file upload_3.txt (compact mmCIF, C-alpha atoms)
# COMPACT_ATOMS: atom_id res chain seq x y z
CA MET A 16 157.64 7.69 4.22
CA PRO A 17 154.69 9.56 2.71
CA TYR A 18 155.50 12.59 0.62
CA ALA A 19 156.02 15.78 2.64
CA PRO A 20 155.82 19.23 1.06
CA LYS A 21 159.05 21.20 0.94
CA LEU A 22 158.02 23.75 3.56
CA LYS A 23 155.69 23.92 6.53
CA GLU A 24 153.00 26.57 6.78
CA SER A 25 153.92 29.44 9.11
CA ALA A 26 152.19 29.13 12.49
CA SER A 27 149.32 31.46 13.22
CA GLN A 28 149.45 33.85 16.16
CA THR A 29 146.64 35.92 17.61
CA ALA A 30 145.86 39.24 15.94
CA GLY A 31 145.88 40.74 19.44
CA PRO A 32 143.95 43.70 20.84
CA TYR A 33 145.56 46.26 18.54
CA VAL A 34 144.71 44.63 15.20
CA HIS A 35 142.92 47.89 14.29
CA ILE A 36 146.25 49.72 13.99
CA GLY A 37 147.40 47.48 11.19
CA CYS A 38 144.19 46.58 9.41
CA MET A 39 141.93 49.61 9.88
CA PRO A 40 144.10 52.44 11.20
CA ASN A 41 141.59 55.15 10.33
CA THR A 42 139.16 53.73 12.88
CA THR A 43 141.72 54.12 15.66
CA GLY A 44 142.72 57.70 14.95
CA ILE A 45 145.63 57.06 12.56
CA HIS A 46 144.41 59.02 9.55
CA THR A 47 147.51 60.08 7.67
CA ILE A 48 149.00 56.76 6.53
CA PHE A 49 146.27 55.14 4.39
CA ASP A 50 143.54 57.16 2.64
CA THR A 51 140.87 54.63 3.46
CA ASP A 52 140.73 51.37 5.36
CA LEU A 53 140.89 48.24 3.26
CA GLY A 54 137.50 46.53 2.85
CA SER A 55 135.50 49.42 4.27
CA THR A 56 133.51 49.76 1.03
CA MET A 57 132.30 46.70 -0.85
CA ILE A 58 130.00 48.43 -3.35
CA THR A 59 132.07 50.75 -5.54
CA GLY A 60 129.53 51.76 -8.17
CA ASP A 61 126.29 50.64 -9.74
CA ALA A 62 126.54 47.05 -8.61
CA LYS A 63 123.86 44.58 -9.67
CA GLY A 64 121.74 42.91 -7.03
CA GLU A 65 119.91 43.63 -3.83
CA ARG A 66 121.62 45.90 -1.31
CA VAL A 67 121.51 44.33 2.12
CA ASN A 68 123.26 44.72 5.46
CA ILE A 69 124.74 41.93 7.49
CA GLU A 70 124.81 42.87 11.14
CA ALA A 71 126.23 40.56 13.78
CA VAL A 72 127.68 40.21 17.26
CA ILE A 73 130.23 37.70 18.56
CA PHE A 74 129.68 36.34 22.08
CA ASP A 75 132.38 34.73 24.23
CA GLY A 76 131.81 31.78 26.57
CA SER A 77 130.39 34.06 29.30
CA GLY A 78 127.85 35.58 26.91
CA THR A 79 129.77 38.86 26.74
CA PRO A 80 130.04 40.54 23.33
CA VAL A 81 133.55 40.47 21.86
CA LYS A 82 134.34 44.14 21.32
CA ASP A 83 137.84 44.01 19.90
CA ALA A 84 137.41 41.61 16.97
CA MET A 85 138.23 42.24 13.34
CA VAL A 86 135.83 40.47 11.00
CA GLU A 87 136.21 39.90 7.27
CA ILE A 88 133.68 38.60 4.79
CA TRP A 89 134.21 37.20 1.32
CA GLN A 90 131.36 36.47 -1.04
CA ALA A 91 130.20 36.14 -4.61
CA ASP A 92 128.44 38.92 -6.50
CA ALA A 93 124.73 38.86 -7.37
CA ASN A 94 125.44 36.40 -10.22
CA GLY A 95 127.34 34.00 -7.99
CA VAL A 96 130.78 34.97 -9.31
CA PHE A 97 133.74 35.72 -7.04
CA PRO A 98 135.71 38.87 -7.94
CA SER A 99 138.96 36.92 -8.04
CA PRO A 100 141.23 35.77 -10.88
CA GLU A 101 140.99 32.30 -9.34
CA ASP A 102 137.29 32.22 -10.22
CA GLY A 103 137.90 32.56 -13.95
CA ARG A 104 134.54 34.14 -14.73
CA GLU A 105 133.78 37.81 -15.13
CA ALA A 106 132.54 39.39 -11.92
CA ASP A 107 130.60 42.60 -11.36
CA PRO A 108 133.18 45.40 -11.71
CA HIS A 109 131.35 47.50 -9.10
CA PHE A 110 131.56 44.98 -6.29
CA THR A 111 134.69 43.88 -4.41
CA GLY A 112 133.31 40.84 -2.59
CA PHE A 113 135.60 41.64 0.33
CA GLY A 114 134.58 43.44 3.48
CA ARG A 115 136.46 44.17 6.67
CA GLN A 116 134.90 45.69 9.78
CA HIS A 117 135.62 45.90 13.48
CA ALA A 118 133.27 45.20 16.34
CA ASP A 119 131.93 48.37 17.94
CA HIS A 120 134.09 49.18 20.95
CA ASP A 121 130.98 49.59 23.17
CA THR A 122 128.41 47.12 21.83
CA GLY A 123 130.41 44.57 19.84
CA VAL A 124 128.07 45.00 16.83
CA PHE A 125 129.62 45.00 13.37
CA LYS A 126 127.88 45.69 10.10
CA PHE A 127 128.63 45.09 6.43
CA GLU A 128 126.85 47.00 3.69
CA THR A 129 126.85 44.60 0.79
CA ILE A 130 124.99 42.91 -2.04
CA LYS A 131 123.09 39.73 -1.43
CA PRO A 132 125.25 37.06 -3.07
CA GLY A 133 123.82 34.84 -5.78
CA ALA A 134 123.94 31.07 -5.67
CA VAL A 135 127.32 29.78 -6.84
CA SER A 136 127.25 27.13 -9.57
CA VAL A 137 130.61 25.53 -10.34
CA ASP A 138 131.71 22.07 -11.45
CA GLY A 139 128.14 20.76 -11.50
CA LYS A 140 127.37 21.81 -7.95
CA THR A 141 125.20 24.68 -6.77
CA TYR A 142 125.89 26.35 -3.46
CA ALA A 143 123.18 28.36 -1.72
CA PRO A 144 123.86 32.10 -1.31
CA HIS A 145 126.32 32.53 1.53
CA VAL A 146 129.14 34.62 2.90
CA LEU A 147 132.45 33.39 4.29
CA MET A 148 133.09 35.06 7.65
CA TRP A 149 136.59 35.14 9.13
CA ILE A 150 137.19 36.30 12.70
CA ALA A 151 140.49 37.46 14.17
CA ALA A 152 140.79 38.80 17.72
CA ARG A 153 142.74 38.80 20.95
CA GLY A 154 142.42 35.35 22.51
CA ILE A 155 141.79 33.66 19.13
CA ASN A 156 144.98 31.83 18.19
CA LEU A 157 143.99 30.80 14.68
CA ALA A 158 141.40 32.97 12.98
CA LEU A 159 137.96 31.34 12.95
CA ALA A 160 136.17 30.63 9.69
CA THR A 161 132.43 30.22 9.47
CA ARG A 162 129.69 30.85 6.94
CA VAL A 163 126.57 32.93 6.98
CA TYR A 164 123.53 31.64 5.08
CA PHE A 165 120.16 33.40 4.78
CA ASP A 166 116.85 32.38 6.34
CA ASP A 167 114.81 33.38 3.28
CA GLU A 168 116.64 30.82 1.11
CA THR A 169 115.09 27.70 2.63
CA ASP A 170 115.04 25.60 -0.55
CA ALA A 171 118.54 26.58 -1.63
CA ASN A 172 119.85 25.91 1.89
CA GLU A 173 118.23 22.44 1.88
CA ALA A 174 120.06 21.59 -1.33
CA ASP A 175 123.42 23.15 -0.37
CA PRO A 176 126.26 20.60 -0.63
CA PHE A 177 128.00 22.01 2.43
CA LEU A 178 125.00 22.34 4.76
CA SER A 179 123.66 18.94 3.78
CA ARG A 180 126.94 17.31 4.79
CA ILE A 181 126.68 18.54 8.37
CA GLU A 182 125.69 15.56 10.50
CA LEU A 183 124.50 17.45 13.56
CA LYS A 184 121.43 19.08 12.01
CA SER A 185 120.64 20.81 15.30
CA ARG A 186 123.76 22.98 14.76
CA VAL A 187 122.87 24.13 11.23
CA PRO A 188 120.78 27.10 12.49
CA THR A 189 124.00 28.59 13.93
CA LEU A 190 124.96 29.38 10.32
CA ILE A 191 121.72 31.06 9.26
CA ALA A 192 121.12 34.80 9.60
CA LYS A 193 117.61 36.14 10.08
CA ARG A 194 116.16 38.73 7.78
CA ASP A 195 114.79 41.94 9.31
CA GLY A 196 113.89 44.39 6.54
CA ASN A 197 117.06 44.92 4.51
CA THR A 198 119.28 43.63 7.29
CA TYR A 199 120.29 40.09 8.04
CA ARG A 200 120.99 39.75 11.75
CA HIS A 201 123.33 37.09 13.02
CA GLU A 202 124.96 35.89 16.22
CA ILE A 203 128.28 34.12 16.54
CA HIS A 204 128.77 32.12 19.72
CA LEU A 205 132.33 31.05 20.44
CA GLN A 206 131.23 28.53 23.08
CA GLY A 207 128.12 27.10 24.75
CA PRO A 208 125.01 25.22 23.61
CA ASP A 209 124.63 27.51 20.59
CA GLU A 210 128.30 27.37 19.60
CA THR A 211 128.61 28.42 15.97
CA ILE A 212 129.92 25.92 13.47
CA PHE A 213 133.51 26.75 12.55
CA PHE A 214 135.35 24.85 9.89
CA ASP A 215 138.76 24.02 8.52
CA LEU A 216 139.18 26.28 5.54
CA MET B 26 137.88 25.42 -10.63
CA LYS B 27 138.65 22.01 -9.10
CA SER B 28 141.93 22.58 -7.37
CA GLY B 29 141.96 23.44 -3.74
CA TYR B 30 144.71 23.63 -1.18
CA TYR B 31 146.76 21.24 0.89
CA PRO B 32 144.99 20.41 4.12
CA ARG B 33 146.16 22.63 6.93
CA ASP B 34 148.54 20.82 9.28
CA LEU B 35 146.99 21.86 12.57
CA ASN B 36 150.01 20.50 14.47
CA MET B 37 151.88 23.55 13.20
CA HIS B 38 149.33 25.92 14.74
CA PRO B 39 148.28 26.74 18.28
CA PRO B 40 145.13 24.96 19.42
CA ALA B 41 142.16 27.22 20.26
CA TYR B 42 142.22 26.50 24.00
CA THR B 43 145.54 27.53 25.54
CA PRO B 44 144.95 28.36 29.22
CA GLY B 45 148.45 29.85 29.59
CA TYR B 46 147.12 32.61 27.36
CA ARG B 47 144.16 33.44 29.54
CA THR B 48 142.01 35.33 27.05
CA SER B 49 141.76 32.16 24.96
CA VAL B 50 139.79 30.39 27.70
CA LEU B 51 136.44 32.04 26.94
CA ARG B 52 137.17 32.64 23.26
CA SER B 53 138.04 29.10 22.15
CA PRO B 54 135.40 26.99 20.42
CA GLN B 55 134.93 23.73 22.31
CA LYS B 56 133.39 21.66 19.55
CA ALA B 57 135.53 20.20 16.81
CA PRO B 58 135.73 22.30 13.66
CA ILE B 59 134.04 20.73 10.63
CA GLY B 60 136.45 19.69 7.94
CA PHE B 61 135.47 19.73 4.30
CA ASP B 62 137.31 19.96 1.04
CA GLY B 63 136.30 23.53 0.38
CA SER B 64 134.49 25.14 -2.49
CA PRO B 65 134.97 28.17 -4.75
CA THR B 66 134.42 30.35 -1.68
CA GLU B 67 137.70 29.21 -0.13
CA PHE B 68 139.57 28.69 -3.41
CA THR B 69 139.20 32.37 -4.32
CA GLY B 70 140.02 35.54 -2.44
CA PRO B 71 140.40 39.28 -2.80
CA THR B 72 143.34 40.60 -4.77
CA PHE B 73 144.70 44.10 -4.64
CA GLY B 74 146.62 46.08 -7.21
CA HIS B 75 150.05 47.62 -6.65
CA SER B 76 148.30 50.98 -7.08
CA LEU B 77 146.87 50.49 -3.59
CA ILE B 78 150.29 51.01 -2.08
CA GLY B 79 151.40 54.55 -1.32
CA GLU B 80 155.00 55.68 -1.52
CA LEU B 81 155.65 55.50 2.24
CA ASP B 82 153.32 52.61 3.06
CA ASN B 83 156.32 50.32 3.58
CA ASN B 84 158.29 52.85 5.62
CA LEU B 85 157.17 53.05 9.25
CA ILE B 86 160.18 55.23 10.05
CA LEU B 87 158.71 58.01 7.93
CA ASN B 88 155.04 57.33 7.20
CA PHE B 89 153.74 59.07 10.34
CA ALA B 90 156.66 61.46 10.85
CA GLN B 91 156.61 65.23 10.54
CA ALA B 92 158.59 66.59 7.60
CA GLY B 93 162.29 66.32 8.32
CA GLU B 94 161.78 64.04 11.34
CA SER B 95 161.69 60.28 11.81
CA ALA B 96 160.62 57.66 14.34
CA ILE B 97 162.81 56.99 17.37
CA GLY B 98 164.43 53.58 17.65
CA GLU B 99 166.81 51.10 16.04
CA ARG B 100 166.39 51.44 12.30
CA ILE B 101 165.81 48.09 10.59
CA MET B 102 164.69 46.61 7.30
CA VAL B 103 162.49 43.52 7.48
CA HIS B 104 162.52 41.49 4.28
CA GLY B 105 161.82 38.04 2.96
CA TYR B 106 159.63 35.93 0.71
CA VAL B 107 156.04 34.82 0.87
CA LEU B 108 156.09 31.23 -0.38
CA ASP B 109 153.70 28.32 -0.43
CA GLU B 110 154.43 24.88 1.01
CA GLU B 111 156.09 23.84 -2.26
CA ALA B 112 158.40 26.88 -2.04
CA ARG B 113 156.58 28.56 -4.95
CA PRO B 114 156.42 32.35 -4.71
CA VAL B 115 153.11 33.88 -3.69
CA ARG B 116 153.08 36.78 -6.13
CA ASN B 117 151.44 40.19 -5.88
CA THR B 118 149.87 39.52 -2.54
CA LEU B 119 149.16 42.12 0.11
CA VAL B 120 151.19 41.99 3.33
CA GLU B 121 150.10 44.22 6.22
CA PHE B 122 152.08 44.81 9.41
CA TRP B 123 151.67 46.68 12.69
CA GLN B 124 153.71 47.05 15.84
CA ALA B 125 154.47 48.95 19.04
CA ASN B 126 156.99 51.80 19.09
CA ALA B 127 160.57 51.54 20.37
CA GLY B 128 159.33 51.89 23.97
CA GLY B 129 156.77 49.11 23.59
CA ARG B 130 153.71 51.37 23.29
CA TYR B 131 151.00 51.07 20.63
CA ARG B 132 149.23 54.07 19.16
CA HIS B 133 145.84 52.74 20.29
CA LYS B 134 143.39 54.13 22.82
CA LYS B 135 143.29 50.79 24.63
CA ASP B 136 147.04 50.81 25.28
CA THR B 137 147.82 52.66 28.51
CA TYR B 138 151.38 51.44 29.10
CA LEU B 139 153.75 53.92 30.80
CA ALA B 140 156.07 54.20 27.81
CA PRO B 141 155.32 57.37 25.84
CA LEU B 142 153.93 57.59 22.34
CA ASP B 143 156.43 58.67 19.72
CA PRO B 144 154.86 61.62 17.87
CA ASN B 145 156.63 60.46 14.70
CA PHE B 146 155.54 56.83 14.80
CA GLY B 147 152.14 55.47 13.76
CA GLY B 148 152.93 51.76 13.77
CA CYS B 149 151.34 50.39 10.61
CA GLY B 150 152.34 49.72 7.04
CA ARG B 151 151.72 47.48 4.07
CA THR B 152 153.34 46.28 0.88
CA MET B 153 152.80 43.89 -2.00
CA THR B 154 155.04 40.98 -2.84
CA ASP B 155 156.69 41.15 -6.26
CA GLU B 156 156.86 38.49 -9.00
CA ASN B 157 159.26 36.47 -6.83
CA GLY B 158 157.14 36.71 -3.70
CA TYR B 159 159.66 39.15 -2.21
CA PHE B 160 158.72 41.95 0.18
CA HIS B 161 160.57 44.47 2.31
CA PHE B 162 159.79 47.34 4.63
CA PHE B 163 161.60 49.79 6.87
CA THR B 164 160.75 50.28 10.51
CA ILE B 165 162.20 50.60 13.98
CA ARG B 166 162.68 47.63 16.24
CA PRO B 167 159.64 47.55 18.54
CA GLY B 168 160.10 47.41 22.31
CA ALA B 169 159.05 44.59 24.61
CA TYR B 170 156.14 45.45 26.90
CA PRO B 171 154.21 44.04 29.86
CA TRP B 172 150.66 42.82 29.36
CA PRO B 173 147.87 41.69 31.63
CA ASN B 174 147.93 37.89 31.65
CA GLY B 175 150.05 36.47 34.45
CA LYS B 176 151.40 38.85 37.07
CA ASN B 177 154.60 39.57 35.20
CA ASP B 178 154.21 38.59 31.56
CA TRP B 179 156.10 40.49 28.87
CA ARG B 180 155.66 40.28 25.15
CA PRO B 181 158.91 39.83 23.26
CA ALA B 182 159.60 42.45 20.63
CA HIS B 183 157.33 41.49 17.73
CA ILE B 184 155.71 42.66 14.52
CA HIS B 185 152.19 41.52 13.58
CA PHE B 186 151.64 40.31 10.01
CA SER B 187 148.48 39.81 7.95
CA VAL B 188 148.88 38.04 4.60
CA PHE B 189 146.17 37.36 2.02
CA GLY B 190 147.60 34.84 -0.44
CA ALA B 191 145.77 33.94 -3.63
CA ALA B 192 142.68 32.56 -1.90
CA PHE B 193 141.01 32.72 1.45
CA ALA B 194 142.35 29.23 2.16
CA GLN B 195 145.79 30.86 2.41
CA ARG B 196 144.79 33.81 4.60
CA LEU B 197 147.03 34.07 7.66
CA ILE B 198 147.69 36.37 10.61
CA THR B 199 150.86 35.79 12.60
CA GLN B 200 153.68 37.52 14.48
CA MET B 201 157.40 37.86 13.82
CA TYR B 202 159.97 37.74 16.61
CA PHE B 203 163.64 38.75 16.71
CA GLU B 204 166.59 36.38 16.94
CA GLY B 205 168.21 36.34 20.36
CA ASP B 206 165.33 37.84 22.36
CA PRO B 207 165.17 36.05 25.76
CA ASN B 208 161.50 37.00 26.12
CA ILE B 209 160.49 34.65 23.30
CA ALA B 210 160.91 31.52 25.40
CA LEU B 211 158.94 33.07 28.28
CA CYS B 212 155.95 34.35 26.33
CA PRO B 213 152.56 32.65 26.89
CA ILE B 214 151.39 33.67 23.41
CA VAL B 215 154.49 32.19 21.74
CA LYS B 216 154.01 29.08 23.86
CA THR B 217 150.52 28.51 22.45
CA ILE B 218 152.41 26.97 19.49
CA PRO B 219 153.12 23.36 20.43
CA ASP B 220 155.90 22.74 17.90
CA GLU B 221 159.38 24.11 18.67
CA ASP B 222 160.38 24.25 15.02
CA ALA B 223 157.20 26.12 14.16
CA ILE B 224 158.13 28.73 16.79
CA ASP B 225 161.64 28.93 15.37
CA ARG B 226 160.22 29.71 11.92
CA LEU B 227 158.53 32.83 13.34
CA ILE B 228 161.89 34.20 14.52
CA ALA B 229 163.50 36.61 12.05
CA ARG B 230 167.25 36.23 11.60
CA LEU B 231 169.73 39.09 11.79
CA ASP B 232 170.92 39.47 8.19
CA MET B 233 174.22 41.35 8.02
CA HIS B 234 174.52 40.62 4.29
CA ASN B 235 171.58 42.88 3.54
CA SER B 236 172.23 45.41 6.26
CA ARG B 237 173.03 48.93 5.03
CA PRO B 238 176.29 50.23 6.46
CA HIS B 239 175.87 53.28 8.72
CA ASP B 240 172.11 53.15 8.16
CA MET B 241 170.11 50.09 9.20
CA ARG B 242 170.42 46.40 9.92
CA ALA B 243 168.28 43.85 8.11
CA TYR B 244 166.17 41.02 9.48
CA ARG B 245 165.13 38.17 7.24
CA PHE B 246 161.64 36.72 7.66
CA ASP B 247 159.98 34.29 5.26
CA ILE B 248 156.28 33.49 5.45
CA VAL B 249 154.87 30.18 4.22
CA LEU B 250 151.23 29.83 3.18
CA ARG B 251 149.39 26.62 2.33
CA GLY B 252 150.29 24.82 -0.85
CA LYS B 253 147.95 24.76 -3.82
CA ARG B 254 147.00 21.41 -5.25
CA SER B 255 147.95 20.65 -8.83
CA THR B 256 145.20 21.39 -11.30
CA VAL B 257 144.24 18.21 -13.09
CA PHE B 258 141.79 18.36 -15.95
CA GLU B 259 139.73 15.21 -15.98
CA ASN B 260 138.60 15.28 -19.59
CA ARG B 261 141.45 17.02 -21.33
CA LYS B 262 145.06 16.16 -21.82
CA GLU B 263 146.55 19.26 -20.27
CA GLY B 264 149.47 19.47 -17.96
CA ASN B 265 149.62 21.00 -14.53

call {"tool": "encode", "arguments": {"input": "upload_3.txt", "output": "structure tokens"}}
result
Amino acid sequence: MPYAPKLKESASQTAGPYVHIGCMPNTTGIHTIFDTDLGSTMITGDAKGERVNIEAVIFDGSGTPVKDAMVEIWQADANGVFPSPEDGREADPHFTGFGRQHADHDTGVFKFETIKPGAVSVDGKTYAPHVLMWIAARGINLALATRVYFDDETDANEADPFLSRIELKSRVPTLIAKRDGNTYRHEIHLQGPDETIFFDL
Amino acid sequence: MKSGYYPRDLNMHPPAYTPGYRTSVLRSPQKAPIGFDGSPTEFTGPTFGHSLIGELDNNLILNFAQAGESAIGERIMVHGYVLDEEARPVRNTLVEFWQANAGGRYRHKKDTYLAPLDPNFGGCGRTMTDENGYFHFFTIRPGAYPWPNGKNDWRPAHIHFSVFGAAFAQRLITQMYFEGDPNIALCPIVKTIPDEDAIDRLIARLDMHNSRPHDMRAYRFDIVLRGKRSTVFENRKEGN
């Protein structure tokens, strides 16, 4: 028998429609428990790099915006370093790398105010600037992981070890946000011909 | 940074498309997810200091209550360990939780169930695991409630959990149920999990050993995140 780890991972369950209560209570009128909502501010001081917004909408299989999702992003700083002890390098002390927002209850739009990440060079590989996006919502049984790349990084995207491994090249554009001034706009499609690429973390 | 995490055993998780849970029908990706070994993006993740946690953050009985008052319901302590698949403690990691009140009503504008709000109950809290991966919090046992799915579907009493782990590869959102609740076996959301043992591991056990006499009963709930691969240095003779 092949080796089996001692324990099994706990099963995921949907975050449900009331995820805001637990993860961002201040946005749902519960103001007295936590001072601020976790992940609401990514830039905490004079962070290096270009300040940009990432603005996106998630669409369900009927083309309707998903208005009750919680979305998290995780990214490197302007030098391509993750603000995590697991990275091992020194990250920008004024940047958290972690953002958490909810879809607007009327439009489904969510927006992160962040720094454009640098390319990440580790173990002899260079990854194009990108953001990990993680989506939890009612009707999503296991949170969905995708990435957001940037349309003004054509050369870096071409050379990215992750993007270049994707066989169905026609699906790659589902991972690339379009620049509009200081805002990168992006659409996530849960189903349909433009279904976004999701991956096993 | 070459390490990475054990591949996720998707047989332990609900698939995306679970028509018994009707909202999943239009929200489930239909194409296969792309598997890859991961990169620094997934092998790192946000960490939070213990200073984040306020004095009453792990006490839902009191953290929304007026002075001298407390939330209505059965007083309980929920406690356990956050471990990885090799039973190693996941240290200093943030655990968030949220739930309905004792009548089964959430403090959320989208919840219009008949049961009243409890003016002394907010329904959210958080804590950090210690050096042994241990966590605990105080709350009231949430009520079961009906929800729009089938004509007469009821959620079992449950508490939602969000756990970060050491890296985004370990990030997990799940729900905890209570031993002996007959609604568990009937629930379309529970039944999205195909593996009976995996369901059983989400059911907290009544723990009389850690119950506090004349105060509150305890429920034991352990959470398991993905295992981390051993770090092997290719060019140096260093151990794991």

call {"tool": "atom_distance", "arguments": {"input": "upload_3.txt", "atom1": "CA of Asp240 (chain B)", "atom2": "CA of Arg100 (chain B)"}}
result
7.3 Å

call {"tool": "interface_residues", "arguments": {"input": "upload_3.txt", "of": "chain B", "to": "chain A", "cutoff": "6 Å", "atoms": "all atoms listed in the file", "output": "ChimeraX atom specification"}}
result
/B:37-38,41,48-49,51-52,54,58-60,69-71,110-111,122-123,149,194,198-200,248-251

call {"tool": "write_last_selection", "arguments": {"input": "upload_3.txt", "atoms": "C-alpha atoms", "output": "JSON list (two decimals), keeping the file's coordinate frame"}}
result
[["chain", "number", "residue", "atom", "x", "y", "z"],
["B", 37, "MET", "CA", 151.88, 23.55, 13.20],
["B", 38, "HIS", "CA", 149.33, 25.92, 14.74],
["B", 41, "ALA", "CA", 142.16, 27.22, 20.26],
["B", 48, "THR", "CA", 142.01, 35.33, 27.05],
["B", 49, "SER", "CA", 141.76, 32.16, 24.96],
["B", 51, "LEU", "CA", 136.44, 32.04, 26.94],
["B", 52, "ARG", "CA", 137.17, 32.64, 23.26],
["B", 54, "PRO", "CA", 135.40, 26.99, 20.42],
["B", 58, "PRO", "CA", 135.73, 22.30, 13.66],
["B", 59, "ILE", "CA", 134.04, 20.73, 10.63],
["B", 60, "GLY", "CA", 136.45, 19.69, 7.94],
["B", 69, "THR", "CA", 139.20, 32.37, -4.32],
["B", 70, "GLY", "CA", 140.02, 35.54, -2.44],
["B", 71, "PRO", "CA", 140.40, 39.28, -2.80],
["B", 110, "GLU", "CA", 154.43, 24.88, 1.01],
["B", 111, "GLU", "CA", 156.09, 23.84, -2.26],
["B", 122, "PHE", "CA", 152.08, 44.81, 9.41],
["B", 123, "TRP", "CA", 151.67, 46.68, 12.69],
["B", 149, "CYS", "CA", 151.34, 50.39, 10.61],
["B", 194, "ALA", "CA", 142.35, 29.23, 2.16],
["B", 198, "ILE", "CA", 147.69, 36.37, 10.61],
["B", 199, "THR", "CA", 150.86, 35.79, 12.60],
["B", 200, "GLN", "CA", 153.68, 37.52, 14.48],
["B", 248, "ILE", "CA", 156.28, 33.49, 5.45],
["B", 249, "VAL", "CA", 154.87, 30.18, 4.22],
["B", 250, "LEU", "CA", 151.23, 29.83, 3.18],
["B", 251, "ARG", "CA", 149.39, 26.62, 2.33]]

call {"tool": "axis_aligned_box", "arguments": {"input": "upload_3.txt", "around": "region 30-41 of chain B", "padding_each_side": "6 Å", "output": "JSON"}}
result
{"center_x": 147.0, "center_y": 23.8, "center_z": 9.5, "size_x": 21.7, "size_y": 18.8, "size_z": 33.4}

call {"tool": "atom_distance", "arguments": {"input": "upload_3.txt", "atom1": "CA of Val107 (chain B)", "atom2": "CA of Ala169 (chain B)"}}
result
25.8 Å

call {"tool": "residues_near_point", "arguments": {"input": "upload_3.txt", "point": "(151.1, 53.0, 17.5)", "cutoff": "7 Å", "atoms": "all atoms listed in the file", "output": "list in words"}}
result
Ile36 of chain A; Gln124, Ala125, Asn126, Arg130, Tyr131, Arg132, His133, Phe146, Gly147 and Gly148 of chain B

call {"tool": "atom_distance", "arguments": {"input": "upload_3.txt", "atom1": "CA of Val67 (chain A)", "atom2": "CA of His201 (chain A)"}}
result
13.2 Å

call {"tool": "residues_near_point", "arguments": {"input": "upload_3.txt", "point": "(143.1, 23.4, -5.3)", "cutoff": "9 Å", "atoms": "only C-alpha atoms", "output": "list in words"}}
result
Met26, Lys27, Ser28, Gly29, Tyr30, Tyr31, Gly63, Phe68, Gly252, Lys253, Arg254, Ser255 and Thr256 of chain B

call {"tool": "write_last_selection", "arguments": {"input": "upload_3.txt", "atoms": "C-alpha atoms", "output": "compact mmCIF listing (two decimals), keeping the file's coordinate frame"}}
result
# COMPACT_ATOMS: atom_id res chain seq x y z
CA MET B 26 137.88 25.42 -10.63
CA LYS B 27 138.65 22.01 -9.10
CA SER B 28 141.93 22.58 -7.37
CA GLY B 29 141.96 23.44 -3.74
CA TYR B 30 144.71 23.63 -1.18
CA TYR B 31 146.76 21.24 0.89
CA GLY B 63 136.30 23.53 0.38
CA PHE B 68 139.57 28.69 -3.41
CA GLY B 252 150.29 24.82 -0.85
CA LYS B 253 147.95 24.76 -3.82
CA ARG B 254 147.00 21.41 -5.25
CA SER B 255 147.95 20.65 -8.83
CA THR B 256 145.20 21.39 -11.30

call {"tool": "closest_residue", "arguments": {"input": "upload_3.txt", "among": "B:Asn84, B:Gln91, B:Gln55, B:Thr72", "to": "Arg151 (chain B)", "atoms": "all atoms listed in the file"}}
result
B:Asn84

call {"tool": "closest_residue", "arguments": {"input": "upload_3.txt", "among": "B:Gly150, B:Pro141, B:Gly98, B:Gly190", "to": "Pro114 (chain B)", "atoms": "all atoms listed in the file"}}
result
B:Gly190
